[in-house]
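Chemist: structure_15.cif is the file, holding mmCIF, C-alpha atoms:
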```cif
data_run
#
loop_
_atom_site.group_PDB
_atom_site.id
_atom_site.type_symbol
_atom_site.label_atom_id
_atom_site.label_comp_id
_atom_site.auth_asym_id
_atom_site.auth_seq_id
_atom_site.Cartn_x
_atom_site.Cartn_y
_atom_site.Cartn_z
ATOM 1 C CA MET G 1 65.319 204.113 168.381
ATOM 2 C CA PRO G 2 64.343 203.393 172.009
ATOM 3 C CA ALA G 3 64.181 206.366 174.366
ATOM 4 C CA ASP G 4 66.951 204.958 176.587
ATOM 5 C CA ASP G 5 69.396 205.124 173.633
ATOM 6 C CA THR G 6 68.682 208.787 173.034
ATOM 7 C CA VAL G 7 71.626 211.095 173.601
ATOM 8 C CA VAL G 8 70.792 214.638 174.577
ATOM 9 C CA ILE G 9 73.544 217.177 174.149
ATOM 10 C CA THR G 10 72.981 220.608 175.572
ATOM 11 C CA ARG G 11 75.264 223.592 175.516
ATOM 12 C CA MET G 12 75.694 225.570 178.666
ATOM 13 C CA ASP G 13 75.080 229.286 178.410
ATOM 14 C CA ILE G 14 77.820 231.167 180.224
ATOM 15 C CA PRO G 15 76.427 234.569 181.274
ATOM 16 C CA SER G 16 78.255 237.558 179.838
ATOM 17 C CA ASP G 17 78.859 239.090 183.277
ATOM 18 C CA PHE G 18 80.625 235.877 184.363
ATOM 19 C CA GLN G 19 82.639 235.895 181.134
ATOM 20 C CA ASP G 20 83.678 239.480 181.875
ATOM 21 C CA ILE G 21 84.922 238.441 185.321
ATOM 22 C CA LEU G 22 86.849 235.516 183.828
ATOM 23 C CA ARG G 23 88.367 237.525 180.995
ATOM 24 C CA ARG G 24 90.122 239.844 183.492
ATOM 25 C CA HIS G 25 92.156 236.813 184.632
ATOM 26 C CA LEU G 26 92.719 235.097 181.286
ATOM 27 C CA PRO G 27 95.556 236.855 179.440
ATOM 28 C CA PHE G 28 95.225 234.636 176.348
ATOM 29 C CA SER G 29 91.479 235.086 175.853
ATOM 30 C CA ASP G 30 90.109 237.374 173.191
ATOM 31 C CA ALA G 31 86.984 239.507 173.157
ATOM 32 C CA GLY G 32 84.899 236.659 171.709
ATOM 33 C CA GLU G 33 82.498 234.536 173.682
ATOM 34 C CA LEU G 34 84.010 232.011 176.061
ATOM 35 C CA GLY G 35 82.721 228.466 175.583
ATOM 36 C CA GLU G 36 82.028 225.916 178.284
ATOM 37 C CA ASP G 37 84.852 223.665 177.036
ATOM 38 C CA ASP G 38 87.504 226.399 176.945
ATOM 39 C CA ASP G 39 90.454 225.281 179.080
ATOM 40 C CA LEU G 40 91.278 227.898 181.711
ATOM 41 C CA SER G 41 94.979 227.048 181.883
ATOM 42 C CA ASP G 42 95.270 227.268 178.084
ATOM 43 C CA LEU G 43 93.755 230.755 178.363
ATOM 44 C CA GLY G 44 96.496 231.724 180.825
ATOM 45 C CA LEU G 45 94.993 231.092 184.260
ATOM 46 C CA ASP G 46 97.833 230.304 186.653
ATOM 47 C CA SER G 47 97.934 229.884 190.436
ATOM 48 C CA MET G 48 98.225 233.616 191.120
ATOM 49 C CA GLY G 49 95.424 234.320 188.675
ATOM 50 C CA LEU G 50 93.290 231.645 190.305
ATOM 51 C CA VAL G 51 93.559 233.376 193.697
ATOM 52 C CA ALA G 52 92.690 236.732 192.134
ATOM 53 C CA LEU G 53 89.796 235.173 190.189
ATOM 54 C CA MET G 54 88.358 233.636 193.352
ATOM 55 C CA ALA G 55 88.516 237.007 195.095
ATOM 56 C CA ASP G 56 86.851 238.624 192.077
ATOM 57 C CA ILE G 57 84.037 236.027 192.091
ATOM 58 C CA GLU G 58 83.533 236.577 195.825
ATOM 59 C CA ASP G 59 83.404 240.361 195.392
ATOM 60 C CA SER G 60 81.231 240.306 192.281
ATOM 61 C CA TYR G 61 78.624 237.914 193.687
ATOM 62 C CA ASP G 62 78.951 238.886 197.359
ATOM 63 C CA VAL G 63 79.792 235.333 198.431
ATOM 64 C CA GLU G 64 82.503 233.561 200.379
ATOM 65 C CA LEU G 65 83.696 230.513 198.484
ATOM 66 C CA PRO G 66 84.065 227.362 200.590
ATOM 67 C CA ASP G 67 87.443 225.591 200.820
ATOM 68 C CA GLU G 68 86.136 222.654 198.779
ATOM 69 C CA PHE G 69 85.552 225.063 195.883
ATOM 70 C CA VAL G 70 89.308 225.056 195.279
ATOM 71 C CA ALA G 71 89.794 221.918 193.208
ATOM 72 C CA GLU G 72 91.568 221.197 189.954
ATOM 73 C CA THR G 73 88.332 219.953 188.400
ATOM 74 C CA THR G 74 86.515 223.170 189.361
ATOM 75 C CA PHE G 75 89.034 225.324 187.515
ATOM 76 C CA ALA G 76 89.559 223.048 184.497
ATOM 77 C CA THR G 77 87.225 224.766 182.028
ATOM 78 C CA VAL G 78 84.915 227.741 181.809
ATOM 79 C CA GLY G 79 81.946 225.372 182.107
ATOM 80 C CA SER G 80 83.281 223.476 185.129
ATOM 81 C CA LEU G 81 83.829 226.744 186.973
ATOM 82 C CA TRP G 82 80.373 228.082 186.075
ATOM 83 C CA ARG G 83 78.782 224.778 187.177
ATOM 84 C CA ALA G 84 80.597 225.064 190.516
ATOM 85 C CA VAL G 85 79.247 228.607 190.969
ATOM 86 C CA LEU G 86 75.738 227.381 190.162
ATOM 87 C CA GLU G 87 76.094 224.604 192.744
ATOM 88 C CA LEU G 88 76.847 226.997 195.602
ATOM 89 C CA PRO G 89 74.380 226.733 198.490
ATOM 90 C CA ALA G 90 71.014 228.382 197.898
ATOM 91 C CA GLU G 91 71.716 231.427 200.081
ATOM 92 C CA TRP G 92 74.787 232.187 197.974
ATOM 93 C CA GLN G 93 72.862 231.665 194.745
ATOM 94 C CA ASP G 94 70.303 234.207 195.911
ATOM 95 C CA ALA G 95 73.100 236.747 196.403
ATOM 96 C CA ARG G 96 74.600 235.840 192.992
ATOM 97 C CA LEU G 97 71.311 236.198 191.164
ATOM 98 C CA ALA G 98 70.560 239.498 192.884
ATOM 99 C CA GLY G 99 73.944 240.896 191.748
#
```
Please express what this file holds, its structure, as structure tokens.

Modeler:
Amino acid sequence: MPADDTVVITRMDIPSDFQDILRRHLPFSDAGELGEDDDLSDLGLDSMGLVALMADIEDSYDVELPDEFVAETTFATVGSLWRAVLELPAEWQDARLAG
């Protein structure tokens, strides 16, 4: 099979500390590991929970989330939210990684 037809599927590792932050705002999640495809609204995240979750992310990682962070696609799944955190500007990533 030619290399350009190769499909590479990778699973995203969601750090346990990030899962712990999320779990506080997901009333329908259990103690098991959260997967990247887990739907946040199915796990109970609503608009009030979203605001509280954003504040918790800001406090936990010592960052201020930009306005464009608030998007339906950002908060669709565990993986989409983690990807958005990873894509924060470098100075915010340094603070996140130090935490």

Chemist: Written as a list in words, what is the full residue list that the PyMOL selection byres ((chain G and resi 46) around 12) yields on the file shown?

Modeler: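 Evaluating the PyMOL selection byres ((chain G and resi 46) around 12) on this file yields His25, Leu26, Pro27, Phe28, Asp39, Leu40, Ser41, Asp42, Leu43, Gly44, Leu45, Ser47, Met48, Gly49, Leu50, Val51, Ala52, Leu53, Glu72, Phe75 and Ala76 of chain G.
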
Chemist: Tell me which of G:Asp17, G:Asp38, G:Glu87, G:Glu33 sits closest to G:Phe69, counting all atoms listed in the file.

Modeler: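 Smallest separation from G:Phe69 among the options: G:Glu87.
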
Chemist: Work out how far apart atom CA of G:Asp20 and atom CA of G:Ala84 are and give it in Å to one decimal.

Modeler: 17.1 Å

Chemist: Taking the file above as input, evaluate the PyMOL selection byres ((chain G and resi 65-67) around 10) and report the hits as number ranges by chain.

Modeler: G: 54-55, 57-58, 62-64, 68-71, 85, 88-89, 92

Chemist: Could you work out how far atom CA of G:Asp59 lies from atom CA of G:Thr77, giving the answer in Å with one decimal?

Modeler: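 The value is 20.9 Å.
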
Chemist: Expand the PyMOL selection byres ((chain G and resi 35) around 9) into the explicit residue set it covers here, and present it as a ChimeraX atom specification.

Modeler: /G:11-14,33-34,36-38,77-79

Chemist: In Å to one decimal, how far is atom CA of G:Ser60 from atom CA of G:Ile21?

Modeler: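 Atom-to-atom, atom CA of G:Ile21 and atom CA of G:Ser60 are spaced 8.1 Å apart.
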
Chemist: Could you please fill out stretch 50-64 of chain G with N, CA and C atoms and send it back as a PDB file, in the frame of the given file?

Modeler:
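Final file, out-v5.pdb:
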```pdb
ATOM      1  N   LEU G  50      94.376 232.387 189.677  1.00  0.00           N
ATOM      2  CA  LEU G  50      93.290 231.645 190.305  1.00  0.00           C
ATOM      3  C   LEU G  50      92.877 232.308 191.623  1.00  0.00           C
ATOM      4  N   VAL G  51      93.853 232.713 192.420  1.00  0.00           N
ATOM      5  CA  VAL G  51      93.559 233.376 193.697  1.00  0.00           C
ATOM      6  C   VAL G  51      92.838 234.699 193.437  1.00  0.00           C
ATOM      7  N   ALA G  52      93.324 235.462 192.469  1.00  0.00           N
ATOM      8  CA  ALA G  52      92.690 236.732 192.134  1.00  0.00           C
ATOM      9  C   ALA G  52      91.284 236.523 191.574  1.00  0.00           C
ATOM     10  N   LEU G  53      91.110 235.485 190.752  1.00  0.00           N
ATOM     11  CA  LEU G  53      89.796 235.173 190.189  1.00  0.00           C
ATOM     12  C   LEU G  53      88.804 234.809 191.288  1.00  0.00           C
ATOM     13  N   MET G  54      89.247 233.995 192.247  1.00  0.00           N
ATOM     14  CA  MET G  54      88.358 233.636 193.352  1.00  0.00           C
ATOM     15  C   MET G  54      87.921 234.873 194.124  1.00  0.00           C
ATOM     16  N   ALA G  55      88.855 235.775 194.386  1.00  0.00           N
ATOM     17  CA  ALA G  55      88.516 237.007 195.095  1.00  0.00           C
ATOM     18  C   ALA G  55      87.539 237.842 194.275  1.00  0.00           C
ATOM     19  N   ASP G  56      87.735 237.868 192.960  1.00  0.00           N
ATOM     20  CA  ASP G  56      86.851 238.624 192.077  1.00  0.00           C
ATOM     21  C   ASP G  56      85.442 238.021 192.062  1.00  0.00           C
ATOM     22  N   ILE G  57      85.346 236.695 192.047  1.00  0.00           N
ATOM     23  CA  ILE G  57      84.037 236.027 192.091  1.00  0.00           C
ATOM     24  C   ILE G  57      83.351 236.351 193.414  1.00  0.00           C
ATOM     25  N   GLU G  58      84.106 236.269 194.509  1.00  0.00           N
ATOM     26  CA  GLU G  58      83.533 236.577 195.825  1.00  0.00           C
ATOM     27  C   GLU G  58      83.018 238.010 195.881  1.00  0.00           C
ATOM     28  N   ASP G  59      83.814 238.955 195.373  1.00  0.00           N
ATOM     29  CA  ASP G  59      83.404 240.361 195.392  1.00  0.00           C
ATOM     30  C   ASP G  59      82.221 240.628 194.461  1.00  0.00           C
ATOM     31  N   SER G  60      82.269 240.047 193.278  1.00  0.00           N
ATOM     32  CA  SER G  60      81.231 240.306 192.281  1.00  0.00           C
ATOM     33  C   SER G  60      79.875 239.740 192.678  1.00  0.00           C
ATOM     34  N   TYR G  61      79.882 238.575 193.331  1.00  0.00           N
ATOM     35  CA  TYR G  61      78.624 237.914 193.687  1.00  0.00           C
ATOM     36  C   TYR G  61      78.319 237.972 195.177  1.00  0.00           C
ATOM     37  N   ASP G  62      79.153 238.716 195.915  1.00  0.00           N
ATOM     38  CA  ASP G  62      78.951 238.886 197.359  1.00  0.00           C
ATOM     39  C   ASP G  62      78.800 237.542 198.061  1.00  0.00           C
ATOM     40  N   VAL G  63      79.775 236.657 197.820  1.00  0.00           N
ATOM     41  CA  VAL G  63      79.792 235.333 198.431  1.00  0.00           C
ATOM     42  C   VAL G  63      81.166 235.079 199.044  1.00  0.00           C
ATOM     43  N   GLU G  64      81.231 234.075 199.888  1.00  0.00           N
ATOM     44  CA  GLU G  64      82.503 233.561 200.379  1.00  0.00           C
ATOM     45  C   GLU G  64      82.598 232.121 199.902  1.00  0.00           C
TER      46      GLU G  64
END
```
